[in-house]
$ cat work19.pdb   # PDB, C-alpha atoms and all ligand atoms
ATOM      1  CA  MET C1283     149.545  20.212  96.522
ATOM      2  CA  ASP C1284     146.209  20.499  94.738
ATOM      3  CA  TRP C1285     145.321  18.488  91.614
ATOM      4  CA  PRO C1286     147.034  20.777  89.049
ATOM      5  CA  GLU C1287     150.151  21.096  91.212
ATOM      6  CA  LEU C1288     150.291  17.356  91.713
ATOM      7  CA  ARG C1289     149.878  16.688  88.000
ATOM      8  CA  ALA C1290     152.691  19.143  87.247
ATOM      9  CA  ALA C1291     154.937  17.538  89.884
ATOM     10  CA  VAL C1292     154.383  14.100  88.359
ATOM     11  CA  ALA C1293     155.082  15.401  84.853
ATOM     12  CA  ALA C1294     158.369  16.914  86.030
ATOM     13  CA  CYS C1295     159.437  13.992  88.221
ATOM     14  CA  ARG C1296     162.959  12.640  87.849
ATOM     15  CA  ALA C1297     163.083  10.715  91.125
ATOM     16  CA  CYS C1298     163.940   7.373  89.541
ATOM     17  CA  GLU C1299     165.489   6.140  86.336
ATOM     18  CA  LEU C1300     162.136   5.470  84.644
ATOM     19  CA  CYS C1301     162.113   9.148  83.679
ATOM     20  CA  GLN C1302     164.840   8.342  81.150
ATOM     21  CA  THR C1303     162.815   5.806  79.205
ATOM     22  CA  ARG C1304     159.234   7.078  79.503
ATOM     23  CA  SER C1305     157.512   8.853  76.618
ATOM     24  CA  GLN C1306     155.389  10.708  79.130
ATOM     25  CA  THR C1307     154.091  10.302  82.661
ATOM     26  CA  VAL C1308     150.683   8.697  83.201
ATOM     27  CA  PHE C1309     149.029  10.628  85.980
ATOM     28  CA  GLY C1310     145.545   9.182  86.349
ATOM     29  CA  VAL C1311     142.097   9.682  84.895
ATOM     30  CA  GLY C1312     138.609  10.227  86.192
ATOM     31  CA  HIS C1313     136.239  12.501  88.031
ATOM     32  CA  ALA C1314     137.905  14.491  90.834
ATOM     33  CA  ARG C1315     135.058  13.541  93.205
ATOM     34  CA  ALA C1316     134.655   9.928  92.088
ATOM     35  CA  HIS C1317     133.506   7.635  94.877
ATOM     36  CA  TRP C1318     135.575   4.804  93.435
ATOM     37  CA  MET C1319     139.317   4.608  93.014
ATOM     38  CA  VAL C1320     141.011   1.826  91.075
ATOM     39  CA  VAL C1321     144.738   1.356  91.626
ATOM     40  CA  GLY C1322     146.753  -0.680  89.141
ATOM     41  CA  GLU C1323     150.411  -1.374  88.669
ATOM     42  CA  ALA C1324     152.221   0.698  86.058
ATOM     43  CA  PRO C1325     151.690   2.050  82.554
ATOM     44  CA  GLY C1326     152.332  -0.309  79.662
ATOM     45  CA  GLU C1327     153.226   0.554  76.097
ATOM     46  CA  GLN C1328     149.833   1.970  75.096
ATOM     47  CA  GLU C1329     149.510   3.961  78.299
ATOM     48  CA  ASP C1330     153.010   5.394  77.893
ATOM     49  CA  ARG C1331     152.038   6.456  74.370
ATOM     50  CA  GLN C1332     148.615   7.903  75.222
ATOM     51  CA  GLY C1333     149.270   9.274  78.719
ATOM     52  CA  GLU C1334     146.226   7.553  80.211
ATOM     53  CA  PRO C1335     146.108   4.490  82.483
ATOM     54  CA  PHE C1336     144.530   1.223  81.372
ATOM     55  CA  VAL C1337     143.924   1.929  77.707
ATOM     56  CA  GLY C1338     145.247  -1.412  76.356
ATOM     57  CA  ALA C1339     143.520  -4.789  76.363
ATOM     58  CA  ALA C1340     143.562  -5.024  80.171
ATOM     59  CA  GLY C1341     142.005  -1.574  80.377
ATOM     60  CA  GLN C1342     139.235  -2.545  78.000
ATOM     61  CA  LEU C1343     138.403  -5.491  80.231
ATOM     62  CA  LEU C1344     138.469  -3.192  83.253
ATOM     63  CA  ASP C1345     136.107  -0.753  81.540
ATOM     64  CA  ARG C1346     133.697  -3.577  80.694
ATOM     65  CA  MET C1347     133.704  -4.801  84.291
ATOM     66  CA  LEU C1348     133.092  -1.289  85.583
ATOM     67  CA  ALA C1349     130.366  -0.674  83.001
ATOM     68  CA  ALA C1350     128.549  -3.780  84.239
ATOM     69  CA  LEU C1351     128.153  -1.883  87.518
ATOM     70  CA  GLN C1352     127.208   1.337  85.667
ATOM     71  CA  LEU C1353     130.580   2.833  86.555
ATOM     72  CA  SER C1354     132.684   4.987  84.253
ATOM     73  CA  ARG C1355     136.084   6.664  84.166
ATOM     74  CA  ALA C1356     134.629   9.737  82.421
ATOM     75  CA  ALA C1357     136.232  12.766  83.998
ATOM     76  CA  GLY C1358     133.185  15.019  84.016
ATOM     77  CA  GLY C1359     133.905  18.137  82.014
ATOM     78  CA  ASP C1360     131.511  21.057  81.589
ATOM     79  CA  ALA C1361     129.030  19.001  79.612
ATOM     80  CA  ASP C1362     129.114  16.456  82.365
ATOM     81  CA  ALA C1363     128.813  18.836  85.300
ATOM     82  CA  ASP C1364     125.995  16.878  86.883
ATOM     83  CA  ALA C1365     127.770  13.549  86.669
ATOM     84  CA  ASP C1366     126.876  11.433  89.646
ATOM     85  CA  PRO C1367     130.178  10.865  91.526
ATOM     86  CA  SER C1368     128.849   7.572  92.883
ATOM     87  CA  ARG C1369     128.993   6.270  89.294
ATOM     88  CA  ARG C1370     132.483   7.602  88.631
ATOM     89  CA  VAL C1371     135.844   5.891  88.991
ATOM     90  CA  TYR C1372     139.238   7.503  89.275
ATOM     91  CA  ILE C1373     141.994   5.261  87.894
ATOM     92  CA  ALA C1374     145.645   5.538  88.889
ATOM     93  CA  ASN C1375     148.719   3.356  89.040
ATOM     94  CA  THR C1376     151.341   2.755  91.700
ATOM     95  CA  LEU C1377     153.959   3.893  89.163
ATOM     96  CA  LYS C1378     153.410   6.889  86.912
ATOM     97  CA  CYS C1379     156.053   5.841  84.375
ATOM     98  CA  ARG C1380     156.348   2.734  82.254
ATOM     99  CA  PRO C1381     159.039   0.243  83.287
ATOM    100  CA  PRO C1382     161.034  -0.740  80.182
ATOM    101  CA  ARG C1383     159.645  -3.827  78.428
ATOM    102  CA  ASN C1384     156.884  -3.892  81.067
ATOM    103  CA  ARG C1385     159.168  -5.465  83.643
ATOM    104  CA  ASN C1386     157.996  -5.530  87.255
ATOM    105  CA  PRO C1387     158.393  -2.300  89.242
ATOM    106  CA  SER C1388     161.410  -2.297  91.544
ATOM    107  CA  ALA C1389     161.115  -1.599  95.264
ATOM    108  CA  GLU C1390     163.024   1.635  94.762
ATOM    109  CA  GLU C1391     160.674   2.809  91.996
ATOM    110  CA  LEU C1392     157.629   1.985  94.095
ATOM    111  CA  ARG C1393     159.078   3.926  97.002
ATOM    112  CA  ALA C1394     159.948   6.939  94.866
ATOM    113  CA  CYS C1395     156.501   7.103  93.279
ATOM    114  CA  GLU C1396     154.396   6.366  96.356
ATOM    115  CA  PRO C1397     153.930   9.976  97.546
ATOM    116  CA  PHE C1398     152.064  10.769  94.321
ATOM    117  CA  LEU C1399     149.552   7.988  94.855
ATOM    118  CA  VAL C1400     149.166   8.904  98.517
ATOM    119  CA  ARG C1401     148.350  12.490  97.554
ATOM    120  CA  GLN C1402     145.912  11.365  94.838
ATOM    121  CA  ILE C1403     144.038   9.356  97.456
ATOM    122  CA  GLU C1404     144.061  12.293  99.889
ATOM    123  CA  LEU C1405     142.684  14.648  97.262
ATOM    124  CA  LEU C1406     140.064  12.242  95.971
ATOM    125  CA  ARG C1407     138.976  10.823  99.327
ATOM    126  CA  PRO C1408     137.227   7.894  97.643
ATOM    127  CA  ARG C1409     134.604   5.781  99.358
ATOM    128  CA  ILE C1410     136.177   2.587  98.070
ATOM    129  CA  ILE C1411     139.593   1.643  96.731
ATOM    130  CA  LEU C1412     139.940  -1.360  94.452
ATOM    131  CA  ALA C1413     143.554  -2.548  94.531
ATOM    132  CA  MET C1414     144.245  -4.581  91.389
ATOM    133  CA  GLY C1415     147.157  -6.966  91.470
ATOM    134  CA  ARG C1416     150.114  -7.576  93.678
ATOM    135  CA  PHE C1417     151.965  -4.292  93.270
ATOM    136  CA  ALA C1418     148.921  -2.218  94.183
ATOM    137  CA  VAL C1419     148.491  -4.459  97.213
ATOM    138  CA  GLN C1420     152.138  -4.108  98.193
ATOM    139  CA  ALA C1421     152.009  -0.343  97.867
ATOM    140  CA  LEU C1422     148.755   0.155  99.760
ATOM    141  CA  LEU C1423     148.620  -2.681 102.289
ATOM    142  CA  ARG C1424     152.344  -3.318 102.694
ATOM    143  CA  SER C1425     151.561  -6.981 102.238
ATOM    144  CA  ASP C1426     153.393  -9.654 100.272
ATOM    145  CA  GLU C1427     150.518 -12.083 100.638
ATOM    146  CA  PRO C1428     149.087 -13.351  97.348
ATOM    147  CA  VAL C1429     146.038 -11.576  95.959
ATOM    148  CA  GLY C1430     144.082 -14.828  96.311
ATOM    149  CA  LYS C1431     144.625 -14.711 100.067
ATOM    150  CA  LEU C1432     143.680 -11.060 100.491
ATOM    151  CA  ARG C1433     140.626 -10.842  98.263
ATOM    152  CA  GLY C1434     137.093 -11.523  99.494
ATOM    153  CA  ARG C1435     137.186  -9.184 102.497
ATOM    154  CA  VAL C1436     137.430  -5.500 103.262
ATOM    155  CA  HIS C1437     140.753  -3.952 104.268
ATOM    156  CA  ARG C1438     141.422  -0.311 105.081
ATOM    157  CA  TYR C1439     143.892   2.213 103.742
ATOM    158  CA  GLN C1440     144.081   5.431 105.772
ATOM    159  CA  GLY C1441     140.530   4.710 106.905
ATOM    160  CA  VAL C1442     139.231   4.140 103.363
ATOM    161  CA  PRO C1443     137.708   0.699 102.707
ATOM    162  CA  LEU C1444     139.870  -1.249 100.284
ATOM    163  CA  VAL C1445     139.036  -4.388  98.335
ATOM    164  CA  VAL C1446     141.759  -6.479  96.705
ATOM    165  CA  THR C1447     141.247  -8.190  93.382
ATOM    166  CA  TYR C1448     143.138  -9.690  90.485
ATOM    167  CA  HIS C1449     144.848  -7.510  87.923
ATOM    168  CA  PRO C1450     142.860  -7.367  84.659
ATOM    169  CA  ALA C1451     145.951  -8.382  82.646
ATOM    170  CA  TYR C1452     145.988 -11.583  84.686
ATOM    171  CA  LEU C1453     142.259 -12.064  84.149
ATOM    172  CA  LEU C1454     142.813 -11.962  80.388
ATOM    173  CA  ARG C1455     144.861 -15.144  80.844
ATOM    174  CA  SER C1456     142.885 -16.785  83.616
ATOM    175  CA  LEU C1457     139.218 -17.155  82.818
ATOM    176  CA  THR C1458     138.541 -19.135  85.977
ATOM    177  CA  ASP C1459     139.430 -16.195  88.208
ATOM    178  CA  LYS C1460     137.161 -13.788  86.330
ATOM    179  CA  ALA C1461     134.187 -14.930  88.393
ATOM    180  CA  LYS C1462     136.129 -14.201  91.578
ATOM    181  CA  ALA C1463     137.046 -10.747  90.318
ATOM    182  CA  TRP C1464     133.376 -10.118  89.640
ATOM    183  CA  GLU C1465     132.573 -11.128  93.242
ATOM    184  CA  ASP C1466     135.235  -8.660  94.399
ATOM    185  CA  LEU C1467     133.679  -5.851  92.391
ATOM    186  CA  CYS C1468     130.271  -6.667  93.811
ATOM    187  CA  LEU C1469     131.736  -6.571  97.330
ATOM    188  CA  ALA C1470     133.322  -3.202  96.553
ATOM    189  CA  ALA C1471     129.978  -1.931  95.220
ATOM    190  CA  GLU C1472     128.239  -3.000  98.418
ATOM    191  CA  VAL C1473     130.853  -1.211 100.528
ATOM    192  CA  ALA C1474     130.776   1.930  98.363
ATOM    193  CA  ALA C1475     126.995   2.086  98.631
ATOM    194  CA  SER C1476     127.078   1.882 102.417
ATOM    195  CA  ALA C1477     130.135   4.116 103.019
ATOM    196  CA  GLY C1478     129.478   7.675 104.078
ATOM    197  CA  PRO C1479     131.481  10.644 102.838
ATOM    198  CA  ALA C1480     135.178  10.556 103.622
ATOM    199  CA  GLY C1481     136.403  12.846 106.344
ATOM    200  CA  ASP C1482     136.003  11.238 109.699
ATOM    201  CA  ARG C1483     137.892   8.115 108.764
ATOM    202  CA  SER C1484     140.456   7.943 111.482
ATOM    203  CA  ALA C1485     141.464   4.303 111.210
ATOM    204  CA  GLY C1486     145.145   3.617 110.630
ATOM    205  CA  ARG C1487     146.854   2.338 107.536
ATOM    206  CA  SER C1488     145.894  -1.145 106.466
ATOM    207  CA  GLU C1489     143.618  -1.778 109.412
ATOM    208  CA  GLU C1490     141.567  -4.779 108.464
ATOM    209  CA  ARG C1491     137.874  -5.277 108.935
ATOM    210  CA  SER C1492     136.461  -8.722 108.309
ATOM    211  CA  GLU C1493     133.119  -8.188 106.670
ATOM    212  CA  ARG C1494     133.156 -11.348 104.666
ATOM    213  CA  GLY C1495     134.670 -14.729 105.207
ATOM    214  CA  GLY C1496     138.323 -15.356 104.320
ATOM    215  CA  GLY C1497     140.069 -15.186 100.973
ATOM    216  CA  ALA C1498     139.991 -17.636  98.094
TER     217      ALA C1498
HETATM  218  N1  LIG W   1     148.356  -2.260  83.719
HETATM  219  C1  LIG W   1     148.339  -1.439  84.784
HETATM  220  O1  LIG W   1     148.497  -1.863  85.915
HETATM  221  N2  LIG W   1     148.138  -0.142  84.573
HETATM  222  C2  LIG W   1     147.956   0.374  83.373
HETATM  223  O2  LIG W   1     147.770   1.568  83.268
HETATM  224  C3  LIG W   1     147.968  -0.512  82.266
HETATM  225  C4  LIG W   1     148.174  -1.817  82.467
END

$ encode --input "work19.pdb" --output "structure tokens"
Amino acid sequence: MDWPELRAAVAACRACELCQTRSQTVFGVGHARAHWMVVGEAPGEQEDRQGEPFVGAAGQLLDRMLAALQLSRAAGGDADADADPSRRVYIANTLKCRPPRNRNPSAEELRACEPFLVRQIELLRPRIILAMGRFAVQALLRSDEPVGKLRGRVHRYQGVPLVVTYHPAYLLRSLTDKAKAWEDLCLAAEVAASAGPAGDRSAGRSEERSERGGGA
């Protein structure tokens, strides 16, 4: 599936019961050649209404953090044809539909939705993935370890370097961990700057490379 086919498949998806309560699917946003990919959890109320990930308060914090590194989610239309992909971020969630009342995603929902995220990553071939929060970590690293244990080093997903950090909704409540999240973004920026183009990344899923000392 190419990008338009994938978007259409997501919009038509009825693989789990979330299709009954969603207003619309939330596919993802950003430049199709962005070097960065951010993976969050699931759409909330605002996202369900607007059809775009991370548009509520957590998303505004995320945008501010990305802007501090001169990164943007702008998709790059005609007027933006020369957008530098190294400054662009593609944002997606593990779930494309909002769980009612923002409850946690179920294992079954995560399983049903996973192929969409896998294909987004294949199409984008980012140079760095930033996994935000425990559900992104579970989906991509198959790990139940706490974010605090996994952050601070570089993991791999299908050969793509992956950095774990706190979910921005959590950071809105926990000021003390904001500094750690900033360290994680700086680590991701370092990795993105040194990573070559995707293509010859043959390492297996979740292979871990210790570039920096252990987690928090
Ligand atoms: N939280 C997420 O994980 N994703 C969104 O799109 C919004 C809030």

$ residues_around --input "work19.pdb" --residues "Arg1369 of chain C" --least-positions-apart "5" --cutoff "9 Å" --atoms "only C-alpha atoms" --output "ChimeraX atom specification"
/C:1316-1318,1351-1355

$ residues_around --input "work19.pdb" --residues "segment 1456-1468 of chain C" --least-positions-apart "5" --cutoff "10 Å" --atoms "only C-alpha atoms" --output "NGL selection string"
:C and (1347-1348 or 1350-1351 or 1412 or 1414 or 1430 or 1433-1436 or 1445-1451 or 1473-1474 or 1498)

$ residues_near_ligand --input "work19.pdb" --ligand "ligand LIG 1 (chain W)" --cutoff "10 Å" --atoms "all atoms listed in the file" --output "VMD selection string"
chain C and resid 1308 to 1310 1320 to 1330 1333 to 1342 1344 1373 to 1380 1384 1413 to 1418 1449 to 1452

$ residues_around --input "work19.pdb" --residues "Gly1312 of chain C" --least-positions-apart "4" --cutoff "6 Å" --atoms "all atoms listed in the file" --output "list in words"
Arg1355, Ala1356, Ala1357, Val1371 and Tyr1372 of chain C

$ atom_distance --input "work19.pdb" --atom1 "atom CA of Glu1391 of chain C" --atom2 "atom CA of Arg1304 of chain C"
13.3 Å

$ atom_distance --input "work19.pdb" --atom1 "atom CA of Leu1423 of chain C" --atom2 "atom CA of Glu1472 of chain C"
20.7 Å

$ closest_residue --input "work19.pdb" --among "C:Ala1389, C:Ala1314, C:Ala1470, C:Leu1454" --to "Cys1298 of chain C" --atoms "only C-alpha atoms"
C:Ala1389

$ closest_residue --input "work19.pdb" --among "C:Ala1471, C:Leu1406, C:Val1442, C:Leu1422" --to "Val1311 of chain C" --atoms "only C-alpha atoms"
C:Leu1406

$ atom_distance --input "work19.pdb" --atom1 "atom CA of Gln1332 of chain C" --atom2 "atom CA of Gln1306 of chain C"
8.3 Å

$ resolve_selection --input "work19.pdb" --expression "the PyMOL selection byres (((chain C and resi 1283) around 12) and not hetatm)" --output "CSV table (one decimal) with C-alpha atoms, keeping the file's coordinate frame"
chain,number,residue,atom,x,y,z
C,1284,ASP,CA,146.2,20.5,94.7
C,1285,TRP,CA,145.3,18.5,91.6
C,1286,PRO,CA,147.0,20.8,89.0
C,1287,GLU,CA,150.2,21.1,91.2
C,1288,LEU,CA,150.3,17.4,91.7
C,1289,ARG,CA,149.9,16.7,88.0
C,1290,ALA,CA,152.7,19.1,87.2
C,1291,ALA,CA,154.9,17.5,89.9
C,1292,VAL,CA,154.4,14.1,88.4
C,1397,PRO,CA,153.9,10.0,97.5
C,1398,PHE,CA,152.1,10.8,94.3
C,1400,VAL,CA,149.2,8.9,98.5
C,1401,ARG,CA,148.4,12.5,97.6
C,1402,GLN,CA,145.9,11.4,94.8
C,1404,GLU,CA,144.1,12.3,99.9
C,1405,LEU,CA,142.7,14.6,97.3

$ axis_aligned_box --input "work19.pdb" --around "segment 1366-1373 of chain C" --padding-each-side "5 Å" --output "AutoDock Vina command-line options"
--center_x 134.4 --center_y 8.3 --center_z 90.4 --size_x 25.1 --size_y 16.2 --size_z 15.0

$ residues_around --input "work19.pdb" --residues "Arg1315 of chain C" --least-positions-apart "2" --cutoff "8 Å" --atoms "all atoms listed in the file" --output "ChimeraX atom specification"
/C:1313,1317,1367,1370,1406-1408

$ write_last_selection --input "work19.pdb" --atoms "C-alpha atoms" --output "PDB file, in the coordinates of the input"
ATOM      1  CA  HIS C1313     136.239  12.501  88.031  1.00  0.00           C
ATOM      2  CA  HIS C1317     133.506   7.635  94.877  1.00  0.00           C
ATOM      3  CA  PRO C1367     130.178  10.865  91.526  1.00  0.00           C
ATOM      4  CA  ARG C1370     132.483   7.602  88.631  1.00  0.00           C
ATOM      5  CA  LEU C1406     140.064  12.242  95.971  1.00  0.00           C
ATOM      6  CA  ARG C1407     138.976  10.823  99.327  1.00  0.00           C
ATOM      7  CA  PRO C1408     137.227   7.894  97.643  1.00  0.00           C
TER       8      PRO C1408
END

$ closest_residue --input "work19.pdb" --among "C:Ile1410, C:Asn1386, C:Ser1305, C:Ala1297" --to "Met1319 of chain C" --atoms "all atoms listed in the file"
C:Ile1410

$ closest_residue --input "work19.pdb" --among "C:Pro1443, C:Thr1307, C:Ser1425, C:Asp1366" --to "Ala1294 of chain C" --atoms "all atoms listed in the file"
C:Thr1307

$ closest_residue --input "work19.pdb" --among "C:Pro1428, C:Gly1441, C:Gly1478, C:Pro1387" --to "Ile1403 of chain C" --atoms "only C-alpha atoms"
C:Gly1441

$ decode --input "work19.pdb" --residues "segment 1421-1488 of chain C" --atoms "C-alpha atoms" --output "PDB file, in the first residue's frame"
ATOM      1  CA  ALA C1421       3.798  -1.464  20.342  1.00  0.00           C
ATOM      2  CA  LEU C1422       7.278  -0.825  18.967  1.00  0.00           C
ATOM      3  CA  LEU C1423       9.651  -2.501  21.420  1.00  0.00           C
ATOM      4  CA  ARG C1424       7.331  -5.184  22.781  1.00  0.00           C
ATOM      5  CA  SER C1425       8.456  -4.125  26.224  1.00  0.00           C
ATOM      6  CA  ASP C1426       6.472  -3.666  29.420  1.00  0.00           C
ATOM      7  CA  GLU C1427       9.372  -1.947  31.133  1.00  0.00           C
ATOM      8  CA  PRO C1428       8.605   1.551  32.418  1.00  0.00           C
ATOM      9  CA  VAL C1429       9.538   4.481  30.200  1.00  0.00           C
ATOM     10  CA  GLY C1430      11.947   5.662  32.907  1.00  0.00           C
ATOM     11  CA  LYS C1431      13.929   2.449  32.502  1.00  0.00           C
ATOM     12  CA  LEU C1432      14.050   2.533  28.710  1.00  0.00           C
ATOM     13  CA  ARG C1433      14.810   6.191  28.094  1.00  0.00           C
ATOM     14  CA  GLY C1434      18.343   7.580  27.875  1.00  0.00           C
ATOM     15  CA  ARG C1435      19.659   5.106  25.298  1.00  0.00           C
ATOM     16  CA  VAL C1436      19.120   4.160  21.689  1.00  0.00           C
ATOM     17  CA  HIS C1437      16.974   1.157  20.778  1.00  0.00           C
ATOM     18  CA  ARG C1438      16.165  -0.098  17.294  1.00  0.00           C
ATOM     19  CA  TYR C1439      12.916  -0.820  15.509  1.00  0.00           C
ATOM     20  CA  GLN C1440      13.336  -2.667  12.203  1.00  0.00           C
ATOM     21  CA  GLY C1441      16.829  -1.189  12.031  1.00  0.00           C
ATOM     22  CA  VAL C1442      15.643   2.376  12.694  1.00  0.00           C
ATOM     23  CA  PRO C1443      17.132   4.054  15.785  1.00  0.00           C
ATOM     24  CA  LEU C1444      14.445   4.606  18.396  1.00  0.00           C
ATOM     25  CA  VAL C1445      14.531   6.803  21.481  1.00  0.00           C
ATOM     26  CA  VAL C1446      11.976   6.398  24.263  1.00  0.00           C
ATOM     27  CA  THR C1447      10.617   9.351  26.177  1.00  0.00           C
ATOM     28  CA  TYR C1448       7.721  10.414  28.347  1.00  0.00           C
ATOM     29  CA  HIS C1449       4.325  11.132  26.867  1.00  0.00           C
ATOM     30  CA  PRO C1450       3.657  14.892  26.662  1.00  0.00           C
ATOM     31  CA  ALA C1451       0.338  14.479  28.519  1.00  0.00           C
ATOM     32  CA  TYR C1452       2.357  13.084  31.416  1.00  0.00           C
ATOM     33  CA  LEU C1453       4.855  15.933  31.153  1.00  0.00           C
ATOM     34  CA  LEU C1454       2.016  18.427  31.578  1.00  0.00           C
ATOM     35  CA  ARG C1455       1.542  16.934  35.052  1.00  0.00           C
ATOM     36  CA  SER C1456       5.143  16.197  35.929  1.00  0.00           C
ATOM     37  CA  LEU C1457       7.403  19.198  35.600  1.00  0.00           C
ATOM     38  CA  THR C1458      10.379  17.346  37.038  1.00  0.00           C
ATOM     39  CA  ASP C1459      10.480  14.909  34.129  1.00  0.00           C
ATOM     40  CA  LYS C1460      10.383  17.670  31.515  1.00  0.00           C
ATOM     41  CA  ALA C1461      14.146  18.092  31.773  1.00  0.00           C
ATOM     42  CA  LYS C1462      14.596  14.373  31.130  1.00  0.00           C
ATOM     43  CA  ALA C1463      12.320  14.543  28.105  1.00  0.00           C
ATOM     44  CA  TRP C1464      14.429  17.398  26.792  1.00  0.00           C
ATOM     45  CA  GLU C1465      17.558  15.236  27.213  1.00  0.00           C
ATOM     46  CA  ASP C1466      15.780  12.495  25.253  1.00  0.00           C
ATOM     47  CA  LEU C1467      14.985  14.872  22.413  1.00  0.00           C
ATOM     48  CA  CYS C1468      18.579  16.043  22.333  1.00  0.00           C
ATOM     49  CA  LEU C1469      19.738  12.414  22.167  1.00  0.00           C
ATOM     50  CA  ALA C1470      17.302  11.789  19.314  1.00  0.00           C
ATOM     51  CA  ALA C1471      18.604  14.896  17.517  1.00  0.00           C
ATOM     52  CA  GLU C1472      22.173  13.650  17.842  1.00  0.00           C
ATOM     53  CA  VAL C1473      21.197  10.254  16.429  1.00  0.00           C
ATOM     54  CA  ALA C1474      19.142  11.774  13.595  1.00  0.00           C
ATOM     55  CA  ALA C1475      22.047  14.009  12.616  1.00  0.00           C
ATOM     56  CA  SER C1476      24.459  11.088  12.422  1.00  0.00           C
ATOM     57  CA  ALA C1477      22.090   8.527  10.832  1.00  0.00           C
ATOM     58  CA  GLY C1478      22.429   7.947   7.122  1.00  0.00           C
ATOM     59  CA  PRO C1479      19.483   7.427   4.795  1.00  0.00           C
ATOM     60  CA  ALA C1480      17.298   4.442   5.577  1.00  0.00           C
ATOM     61  CA  GLY C1481      17.616   1.452   3.317  1.00  0.00           C
ATOM     62  CA  ASP C1482      20.430  -0.749   4.431  1.00  0.00           C
ATOM     63  CA  ARG C1483      19.167  -1.086   7.965  1.00  0.00           C
ATOM     64  CA  SER C1484      19.070  -4.802   8.380  1.00  0.00           C
ATOM     65  CA  ALA C1485      18.997  -5.044  12.158  1.00  0.00           C
ATOM     66  CA  GLY C1486      16.087  -6.946  13.665  1.00  0.00           C
ATOM     67  CA  ARG C1487      13.149  -5.629  15.603  1.00  0.00           C
ATOM     68  CA  SER C1488      13.970  -3.998  18.899  1.00  0.00           C
TER      69      SER C1488
END
